[in-house]
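A.B. asks: Got target_4.cif for you, mmCIF, N, CA and C atoms:
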data_entry
#
loop_
_atom_site.label_atom_id
_atom_site.label_comp_id
_atom_site.auth_asym_id
_atom_site.auth_seq_id
_atom_site.Cartn_x
_atom_site.Cartn_y
_atom_site.Cartn_z
N MET A 15 7.05 -1.25 17.43
CA MET A 15 7.30 -0.81 16.08
C MET A 15 8.65 -0.12 16.03
N SER A 16 9.35 -0.36 14.99
CA SER A 16 10.65 0.26 14.79
C SER A 16 10.49 1.72 14.40
N ALA A 17 11.41 2.56 14.83
CA ALA A 17 11.42 3.96 14.40
C ALA A 17 11.92 4.06 12.97
N ASP A 18 12.50 3.01 12.46
CA ASP A 18 13.04 2.99 11.10
C ASP A 18 11.97 2.44 10.16
N PRO A 19 11.38 3.30 9.32
CA PRO A 19 10.31 2.84 8.45
C PRO A 19 10.79 1.94 7.32
N THR A 20 12.08 1.76 7.19
CA THR A 20 12.59 0.92 6.11
C THR A 20 12.64 -0.55 6.51
N THR A 21 12.25 -0.86 7.74
CA THR A 21 12.16 -2.25 8.15
C THR A 21 10.70 -2.65 8.18
N THR A 22 10.46 -3.90 7.97
CA THR A 22 9.07 -4.37 7.97
C THR A 22 8.85 -5.36 9.10
N GLU A 23 9.47 -5.08 10.25
CA GLU A 23 9.39 -6.04 11.34
C GLU A 23 7.94 -6.27 11.78
N SER A 24 7.08 -5.27 11.70
CA SER A 24 5.70 -5.49 12.10
C SER A 24 4.93 -6.27 11.04
N ALA A 25 5.51 -6.40 9.85
CA ALA A 25 4.85 -7.13 8.78
C ALA A 25 5.32 -8.58 8.67
N VAL A 26 6.24 -8.98 9.55
CA VAL A 26 6.73 -10.35 9.51
C VAL A 26 5.56 -11.29 9.76
N GLY A 27 5.40 -12.26 8.90
CA GLY A 27 4.32 -13.22 9.04
C GLY A 27 3.00 -12.73 8.47
N VAL A 28 2.98 -11.52 7.92
CA VAL A 28 1.77 -10.98 7.33
C VAL A 28 1.84 -11.19 5.83
N GLY A 29 0.76 -11.67 5.25
CA GLY A 29 0.73 -11.88 3.81
C GLY A 29 0.70 -10.57 3.05
N VAL A 30 1.05 -10.64 1.79
CA VAL A 30 1.05 -9.45 0.94
C VAL A 30 -0.38 -8.92 0.82
N VAL A 31 -1.32 -9.82 0.55
CA VAL A 31 -2.73 -9.42 0.47
C VAL A 31 -3.58 -10.37 1.30
N ASP A 32 -4.71 -9.85 1.72
CA ASP A 32 -5.73 -10.65 2.39
C ASP A 32 -6.83 -10.88 1.37
N PRO A 33 -6.92 -12.08 0.81
CA PRO A 33 -7.87 -12.33 -0.25
C PRO A 33 -9.33 -12.21 0.19
N THR A 34 -9.58 -12.24 1.47
CA THR A 34 -10.97 -12.14 1.93
C THR A 34 -11.54 -10.75 1.72
N VAL A 35 -10.69 -9.73 1.64
CA VAL A 35 -11.19 -8.36 1.47
C VAL A 35 -11.90 -8.21 0.13
N LEU A 36 -11.20 -8.50 -0.96
CA LEU A 36 -11.84 -8.41 -2.28
C LEU A 36 -12.79 -9.57 -2.52
N GLY A 37 -12.53 -10.70 -1.86
CA GLY A 37 -13.43 -11.85 -1.99
C GLY A 37 -14.82 -11.53 -1.47
N ALA A 38 -14.90 -10.83 -0.36
CA ALA A 38 -16.20 -10.45 0.20
C ALA A 38 -16.93 -9.51 -0.74
N LEU A 39 -16.21 -8.58 -1.33
CA LEU A 39 -16.82 -7.66 -2.28
C LEU A 39 -17.31 -8.41 -3.51
N ALA A 40 -16.48 -9.31 -4.01
CA ALA A 40 -16.86 -10.09 -5.19
C ALA A 40 -18.10 -10.93 -4.92
N ALA A 41 -18.20 -11.48 -3.74
CA ALA A 41 -19.38 -12.29 -3.39
C ALA A 41 -20.64 -11.45 -3.40
N ARG A 42 -20.55 -10.23 -2.91
CA ARG A 42 -21.72 -9.35 -2.90
C ARG A 42 -22.12 -8.90 -4.30
N LEU A 43 -21.14 -8.76 -5.19
CA LEU A 43 -21.42 -8.28 -6.54
C LEU A 43 -21.92 -9.36 -7.49
N GLY A 44 -21.65 -10.59 -7.16
CA GLY A 44 -22.10 -11.70 -8.01
C GLY A 44 -21.50 -11.64 -9.40
N ASP A 45 -22.35 -11.72 -10.42
CA ASP A 45 -21.90 -11.75 -11.82
C ASP A 45 -21.19 -10.47 -12.25
N ARG A 46 -21.43 -9.39 -11.57
CA ARG A 46 -20.82 -8.11 -11.94
C ARG A 46 -19.41 -7.97 -11.38
N ALA A 47 -18.98 -8.90 -10.56
CA ALA A 47 -17.72 -8.77 -9.83
C ALA A 47 -16.50 -8.62 -10.75
N GLY A 48 -16.40 -9.45 -11.78
CA GLY A 48 -15.20 -9.45 -12.62
C GLY A 48 -14.88 -8.09 -13.20
N GLY A 49 -15.85 -7.48 -13.86
CA GLY A 49 -15.63 -6.17 -14.47
C GLY A 49 -15.39 -5.08 -13.46
N PHE A 50 -16.16 -5.13 -12.36
CA PHE A 50 -16.00 -4.11 -11.33
C PHE A 50 -14.63 -4.20 -10.67
N LEU A 51 -14.21 -5.41 -10.33
CA LEU A 51 -12.92 -5.57 -9.67
C LEU A 51 -11.77 -5.17 -10.59
N ALA A 52 -11.90 -5.46 -11.88
CA ALA A 52 -10.85 -5.06 -12.83
C ALA A 52 -10.73 -3.53 -12.86
N THR A 53 -11.87 -2.84 -12.89
CA THR A 53 -11.87 -1.38 -12.88
C THR A 53 -11.31 -0.85 -11.56
N LEU A 54 -11.71 -1.47 -10.47
CA LEU A 54 -11.23 -1.06 -9.15
C LEU A 54 -9.71 -1.21 -9.05
N LEU A 55 -9.18 -2.33 -9.52
CA LEU A 55 -7.73 -2.55 -9.49
C LEU A 55 -6.99 -1.54 -10.37
N ASP A 56 -7.55 -1.26 -11.55
CA ASP A 56 -6.92 -0.27 -12.44
C ASP A 56 -6.90 1.11 -11.79
N THR A 57 -8.01 1.48 -11.17
CA THR A 57 -8.10 2.79 -10.50
C THR A 57 -7.12 2.87 -9.34
N TRP A 58 -7.06 1.80 -8.54
CA TRP A 58 -6.15 1.79 -7.40
C TRP A 58 -4.69 1.89 -7.87
N GLU A 59 -4.37 1.19 -8.93
CA GLU A 59 -3.00 1.24 -9.46
C GLU A 59 -2.66 2.66 -9.92
N LEU A 60 -3.56 3.30 -10.63
CA LEU A 60 -3.33 4.67 -11.10
C LEU A 60 -3.19 5.64 -9.94
N GLU A 61 -4.10 5.56 -8.98
CA GLU A 61 -4.06 6.47 -7.84
C GLU A 61 -2.83 6.22 -6.96
N THR A 62 -2.43 4.98 -6.83
CA THR A 62 -1.24 4.67 -6.04
C THR A 62 0.01 5.22 -6.71
N ALA A 63 0.08 5.14 -8.03
CA ALA A 63 1.21 5.73 -8.76
C ALA A 63 1.25 7.24 -8.54
N GLN A 64 0.08 7.87 -8.54
CA GLN A 64 0.02 9.31 -8.28
C GLN A 64 0.47 9.64 -6.86
N ARG A 65 0.08 8.80 -5.90
CA ARG A 65 0.51 9.03 -4.51
C ARG A 65 2.03 8.90 -4.39
N LEU A 66 2.63 7.94 -5.10
CA LEU A 66 4.09 7.81 -5.06
C LEU A 66 4.77 9.05 -5.64
N GLU A 67 4.18 9.64 -6.68
CA GLU A 67 4.72 10.89 -7.24
C GLU A 67 4.59 12.02 -6.22
N GLU A 68 3.45 12.09 -5.52
CA GLU A 68 3.28 13.09 -4.47
C GLU A 68 4.31 12.88 -3.36
N LEU A 69 4.54 11.63 -3.04
CA LEU A 69 5.53 11.30 -2.01
C LEU A 69 6.91 11.78 -2.43
N ASP A 70 7.26 11.55 -3.69
CA ASP A 70 8.55 12.02 -4.21
C ASP A 70 8.69 13.54 -4.07
N ARG A 71 7.62 14.26 -4.42
CA ARG A 71 7.67 15.73 -4.33
C ARG A 71 7.84 16.17 -2.87
N ALA A 72 7.09 15.54 -1.97
CA ALA A 72 7.19 15.91 -0.55
C ALA A 72 8.59 15.64 -0.01
N ILE A 73 9.18 14.52 -0.43
CA ILE A 73 10.54 14.19 0.02
C ILE A 73 11.54 15.19 -0.55
N THR A 74 11.42 15.48 -1.84
CA THR A 74 12.33 16.44 -2.49
C THR A 74 12.23 17.81 -1.82
N ASP A 75 11.01 18.20 -1.45
CA ASP A 75 10.79 19.51 -0.81
C ASP A 75 11.09 19.49 0.68
N GLY A 76 11.40 18.31 1.22
CA GLY A 76 11.69 18.20 2.65
C GLY A 76 10.48 18.40 3.53
N LYS A 77 9.31 18.09 3.04
CA LYS A 77 8.05 18.30 3.76
C LYS A 77 7.59 17.00 4.43
N ARG A 78 8.02 16.82 5.66
CA ARG A 78 7.68 15.60 6.40
C ARG A 78 6.17 15.47 6.58
N ALA A 79 5.48 16.58 6.79
CA ALA A 79 4.02 16.53 6.95
C ALA A 79 3.37 16.03 5.66
N GLY A 80 3.91 16.42 4.53
CA GLY A 80 3.40 15.93 3.24
C GLY A 80 3.65 14.45 3.08
N VAL A 81 4.81 13.98 3.50
CA VAL A 81 5.13 12.55 3.46
C VAL A 81 4.13 11.79 4.33
N ALA A 82 3.88 12.31 5.53
CA ALA A 82 2.95 11.65 6.44
C ALA A 82 1.54 11.61 5.86
N ARG A 83 1.11 12.72 5.23
CA ARG A 83 -0.23 12.78 4.64
C ARG A 83 -0.39 11.74 3.52
N VAL A 84 0.60 11.67 2.65
CA VAL A 84 0.54 10.72 1.53
C VAL A 84 0.58 9.28 2.06
N ALA A 85 1.45 9.02 3.01
CA ALA A 85 1.53 7.67 3.59
C ALA A 85 0.21 7.29 4.24
N HIS A 86 -0.43 8.24 4.91
CA HIS A 86 -1.72 7.98 5.54
C HIS A 86 -2.78 7.63 4.49
N SER A 87 -2.80 8.39 3.41
CA SER A 87 -3.74 8.14 2.32
C SER A 87 -3.51 6.75 1.70
N MET A 88 -2.25 6.44 1.47
CA MET A 88 -1.92 5.13 0.89
C MET A 88 -2.25 4.00 1.86
N ARG A 89 -2.07 4.25 3.15
CA ARG A 89 -2.39 3.21 4.15
C ARG A 89 -3.85 2.85 4.07
N GLY A 90 -4.72 3.83 4.00
CA GLY A 90 -6.15 3.57 3.95
C GLY A 90 -6.59 2.88 2.67
N SER A 91 -6.09 3.36 1.54
CA SER A 91 -6.52 2.77 0.27
C SER A 91 -5.98 1.35 0.10
N SER A 92 -4.78 1.11 0.59
CA SER A 92 -4.22 -0.25 0.47
C SER A 92 -4.96 -1.21 1.40
N ALA A 93 -5.33 -0.75 2.57
CA ALA A 93 -6.10 -1.61 3.48
C ALA A 93 -7.45 -1.95 2.86
N ALA A 94 -8.07 -0.99 2.21
CA ALA A 94 -9.37 -1.22 1.57
C ALA A 94 -9.28 -2.26 0.45
N MET A 95 -8.09 -2.37 -0.16
CA MET A 95 -7.89 -3.35 -1.23
C MET A 95 -7.41 -4.69 -0.69
N GLY A 96 -7.10 -4.75 0.59
CA GLY A 96 -6.59 -5.99 1.18
C GLY A 96 -5.08 -6.11 1.08
N ALA A 97 -4.39 -5.03 0.69
CA ALA A 97 -2.93 -5.04 0.58
C ALA A 97 -2.35 -4.78 1.97
N VAL A 98 -2.33 -5.81 2.78
CA VAL A 98 -2.02 -5.71 4.21
C VAL A 98 -0.60 -5.24 4.47
N ARG A 99 0.37 -5.86 3.82
CA ARG A 99 1.77 -5.48 4.07
C ARG A 99 2.04 -4.04 3.66
N LEU A 100 1.48 -3.62 2.53
CA LEU A 100 1.65 -2.24 2.09
C LEU A 100 1.02 -1.29 3.11
N SER A 101 -0.14 -1.63 3.59
CA SER A 101 -0.81 -0.79 4.58
C SER A 101 0.04 -0.65 5.84
N LEU A 102 0.62 -1.74 6.30
CA LEU A 102 1.49 -1.69 7.48
C LEU A 102 2.73 -0.83 7.22
N ALA A 103 3.33 -1.00 6.06
CA ALA A 103 4.52 -0.20 5.72
C ALA A 103 4.17 1.28 5.64
N CYS A 104 3.03 1.60 5.07
CA CYS A 104 2.60 3.00 5.00
C CYS A 104 2.41 3.57 6.40
N GLY A 105 1.86 2.77 7.29
CA GLY A 105 1.69 3.21 8.67
C GLY A 105 3.02 3.51 9.33
N GLN A 106 4.01 2.66 9.07
CA GLN A 106 5.35 2.89 9.63
C GLN A 106 5.95 4.20 9.10
N VAL A 107 5.80 4.42 7.81
CA VAL A 107 6.34 5.64 7.21
C VAL A 107 5.60 6.86 7.76
N GLU A 108 4.30 6.76 7.89
CA GLU A 108 3.52 7.87 8.43
C GLU A 108 3.99 8.25 9.84
N VAL A 109 4.12 7.25 10.70
CA VAL A 109 4.56 7.51 12.07
C VAL A 109 5.96 8.12 12.09
N ALA A 110 6.85 7.58 11.30
CA ALA A 110 8.22 8.10 11.25
C ALA A 110 8.25 9.54 10.74
N ALA A 111 7.44 9.84 9.72
CA ALA A 111 7.43 11.19 9.15
C ALA A 111 6.84 12.20 10.13
N ARG A 112 5.92 11.77 10.96
CA ARG A 112 5.31 12.67 11.95
C ARG A 112 6.22 12.88 13.16
N GLY A 113 7.19 11.99 13.33
CA GLY A 113 8.08 12.08 14.49
C GLY A 113 9.20 13.08 14.30
N ASP A 114 9.97 13.23 15.35
CA ASP A 114 11.09 14.17 15.35
C ASP A 114 12.43 13.51 15.05
N GLU A 115 12.45 12.19 15.04
CA GLU A 115 13.69 11.46 14.81
C GLU A 115 14.13 11.61 13.35
N PRO A 116 15.45 11.66 13.11
CA PRO A 116 15.93 11.67 11.72
C PRO A 116 15.46 10.40 11.01
N THR A 117 14.95 10.57 9.82
CA THR A 117 14.40 9.45 9.06
C THR A 117 14.88 9.54 7.62
N ASP A 118 15.31 8.43 7.08
CA ASP A 118 15.72 8.38 5.67
C ASP A 118 14.46 8.23 4.83
N LEU A 119 13.89 9.36 4.43
CA LEU A 119 12.63 9.35 3.71
C LEU A 119 12.77 8.74 2.31
N ALA A 120 13.95 8.88 1.70
CA ALA A 120 14.16 8.27 0.39
C ALA A 120 14.11 6.75 0.51
N ALA A 121 14.70 6.20 1.57
CA ALA A 121 14.64 4.75 1.78
C ALA A 121 13.22 4.32 2.09
N ALA A 122 12.48 5.15 2.81
CA ALA A 122 11.08 4.85 3.10
C ALA A 122 10.27 4.81 1.81
N ARG A 123 10.56 5.72 0.90
CA ARG A 123 9.87 5.74 -0.40
C ARG A 123 10.19 4.46 -1.18
N ASP A 124 11.45 4.05 -1.14
CA ASP A 124 11.84 2.82 -1.83
C ASP A 124 11.11 1.61 -1.25
N LEU A 125 10.96 1.59 0.06
CA LEU A 125 10.22 0.52 0.71
C LEU A 125 8.78 0.50 0.22
N LEU A 126 8.14 1.66 0.20
CA LEU A 126 6.74 1.71 -0.25
C LEU A 126 6.61 1.32 -1.71
N ALA A 127 7.54 1.76 -2.54
CA ALA A 127 7.49 1.39 -3.96
C ALA A 127 7.62 -0.12 -4.13
N ALA A 128 8.50 -0.74 -3.36
CA ALA A 128 8.66 -2.20 -3.43
C ALA A 128 7.39 -2.91 -2.96
N GLU A 129 6.80 -2.42 -1.87
CA GLU A 129 5.58 -3.03 -1.36
C GLU A 129 4.41 -2.82 -2.33
N VAL A 130 4.37 -1.67 -3.01
CA VAL A 130 3.34 -1.43 -4.02
C VAL A 130 3.47 -2.45 -5.14
N ALA A 131 4.69 -2.68 -5.60
CA ALA A 131 4.91 -3.65 -6.68
C ALA A 131 4.45 -5.04 -6.27
N LEU A 132 4.77 -5.44 -5.05
CA LEU A 132 4.32 -6.75 -4.55
C LEU A 132 2.80 -6.81 -4.48
N ALA A 133 2.19 -5.75 -3.97
CA ALA A 133 0.73 -5.72 -3.82
C ALA A 133 0.05 -5.76 -5.18
N LEU A 134 0.56 -4.99 -6.14
CA LEU A 134 -0.03 -5.00 -7.48
C LEU A 134 0.02 -6.39 -8.10
N ALA A 135 1.16 -7.03 -7.99
CA ALA A 135 1.30 -8.37 -8.56
C ALA A 135 0.36 -9.36 -7.86
N ALA A 136 0.29 -9.28 -6.55
CA ALA A 136 -0.56 -10.21 -5.80
C ALA A 136 -2.03 -9.97 -6.08
N LEU A 137 -2.43 -8.70 -6.14
CA LEU A 137 -3.84 -8.39 -6.42
C LEU A 137 -4.22 -8.80 -7.84
N ALA A 138 -3.34 -8.56 -8.79
CA ALA A 138 -3.62 -8.97 -10.17
C ALA A 138 -3.74 -10.48 -10.26
N ASP A 139 -2.84 -11.19 -9.59
CA ASP A 139 -2.89 -12.65 -9.60
C ASP A 139 -4.17 -13.15 -8.94
N LEU A 140 -4.52 -12.54 -7.85
CA LEU A 140 -5.74 -12.91 -7.14
C LEU A 140 -6.96 -12.68 -8.02
N HIS A 141 -6.99 -11.56 -8.72
CA HIS A 141 -8.11 -11.24 -9.61
C HIS A 141 -8.22 -12.25 -10.75
N ARG A 142 -7.07 -12.71 -11.23
CA ARG A 142 -7.08 -13.71 -12.32
C ARG A 142 -7.44 -15.10 -11.80
N GLY A 143 -7.55 -15.22 -10.50
CA GLY A 143 -7.88 -16.52 -9.93
C GLY A 143 -6.68 -17.35 -9.57
N GLY A 144 -5.51 -16.71 -9.57
CA GLY A 144 -4.28 -17.43 -9.25
C GLY A 144 -4.04 -17.53 -7.76
N ASP A 145 -2.86 -18.00 -7.45
CA ASP A 145 -2.47 -18.14 -6.06
C ASP A 145 -1.57 -16.98 -5.67
N ALA A 146 -2.19 -15.89 -5.26
CA ALA A 146 -1.42 -14.72 -4.83
C ALA A 146 -0.66 -15.07 -3.56
N PRO A 147 0.51 -14.44 -3.38
CA PRO A 147 1.25 -14.68 -2.13
C PRO A 147 0.53 -14.03 -0.95
N VAL A 148 -0.33 -14.79 -0.36
CA VAL A 148 -1.13 -14.26 0.75
C VAL A 148 -0.63 -14.76 2.07
#
Produce structure tokens that represent the structure in this file.

C.D. replies:
Amino acid sequence: MSADPTTTESAVGVGVVDPTVLGALAARLGDRAGGFLATLLDTWELETAQRLEELDRAITDGKRAGVARVAHSMRGSSAAMGAVRLSLACGQVEVAARGDEPTDLAAARDLLAAEVALALAALADLHRGGDAPV
């Protein structure tokens, strides 16, 4: 793994989302899946936006531990949604923020914001039944 969280070298060859994650949940829910998944996606989008705001505050305040905490939280929630690349990027940012090496946290935030946008688009497309970039 690179010490630079702004690279996604560990995510090379990894799809934006793993459709089997939400697919398994949808299969268990049956007819209730559509409404539940729509609510789940809306909630995840709202909470992820809040985490990005928390990340901004931690970066502005120079609190690397806060950056690591937020990245850890985002890593878990994105993995639960099947947003694989975002989860990997969050892990990279978390490790870098916990380390002692100088890290461009603003660039790391930009990376996470870009990965969030990709994940949101892919998850929405997947929910609509489209061909998400997986």

A.B. asks: Once the PyMOL selection byres ((chain A and resi 85) around 7) is applied to the coordinates I shared, what remains selected? I want it as a list of chain:residue names.

C.D. replies: A:Leu69, A:Gly80, A:Val81, A:Ala82, A:Arg83, A:Val84, A:His86, A:Ser87, A:Met88, A:Arg89, A:Gly90, A:Cys104, A:Gly105, A:Val107, A:Glu108

A.B. asks: Can you give me, as a PyMOL selection string, the residues this file yields under the PyMOL selection byres ((chain A and resi 97) around 8)?

C.D. replies: chain A and resi 29-33+35-36+91-96+98-103+132-134+137

A.B. asks: Could you jot down the atom CA of A:His141 to atom CA of A:Ala63 separation for me, Å, one decimal place?

C.D. replies: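 Separation of atom CA of A:His141 and atom CA of A:Ala63: 19.4 Å.
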
A.B. asks: Using Å and a single decimal, report how far atom CA of A:Glu59 sits from atom CA of A:Gly76.

C.D. replies: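 These atoms are spaced 25.5 Å apart.
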
A.B. asks: Between atom C of A:Ala52 and atom N of A:Ala40, what is the spacing in Å?

C.D. replies: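 Result for atom N of A:Ala40 versus atom C of A:Ala52: 12.0 Å, one decimal.
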
A.B. asks: Give me, as a PyMOL selection string, the residues of chain A that a backbone DSSP run labels helix (DSSP H, G or I).

C.D. replies: chain A and resi 23-25+33-74+78-95+98-112+119-141

A.B. asks: Once you add 6 Å to each side, what are the centre and edge lengths of the axis-aligned box holding all listed atoms of stretch 97-113 of chain A? One decimal in Å, as JSON, if you can.

C.D. replies:
{"center_x": 2.4, "center_y": 3.6, "center_z": 7.5, "size_x": 25.6, "size_y": 30.9, "size_z": 25.9}
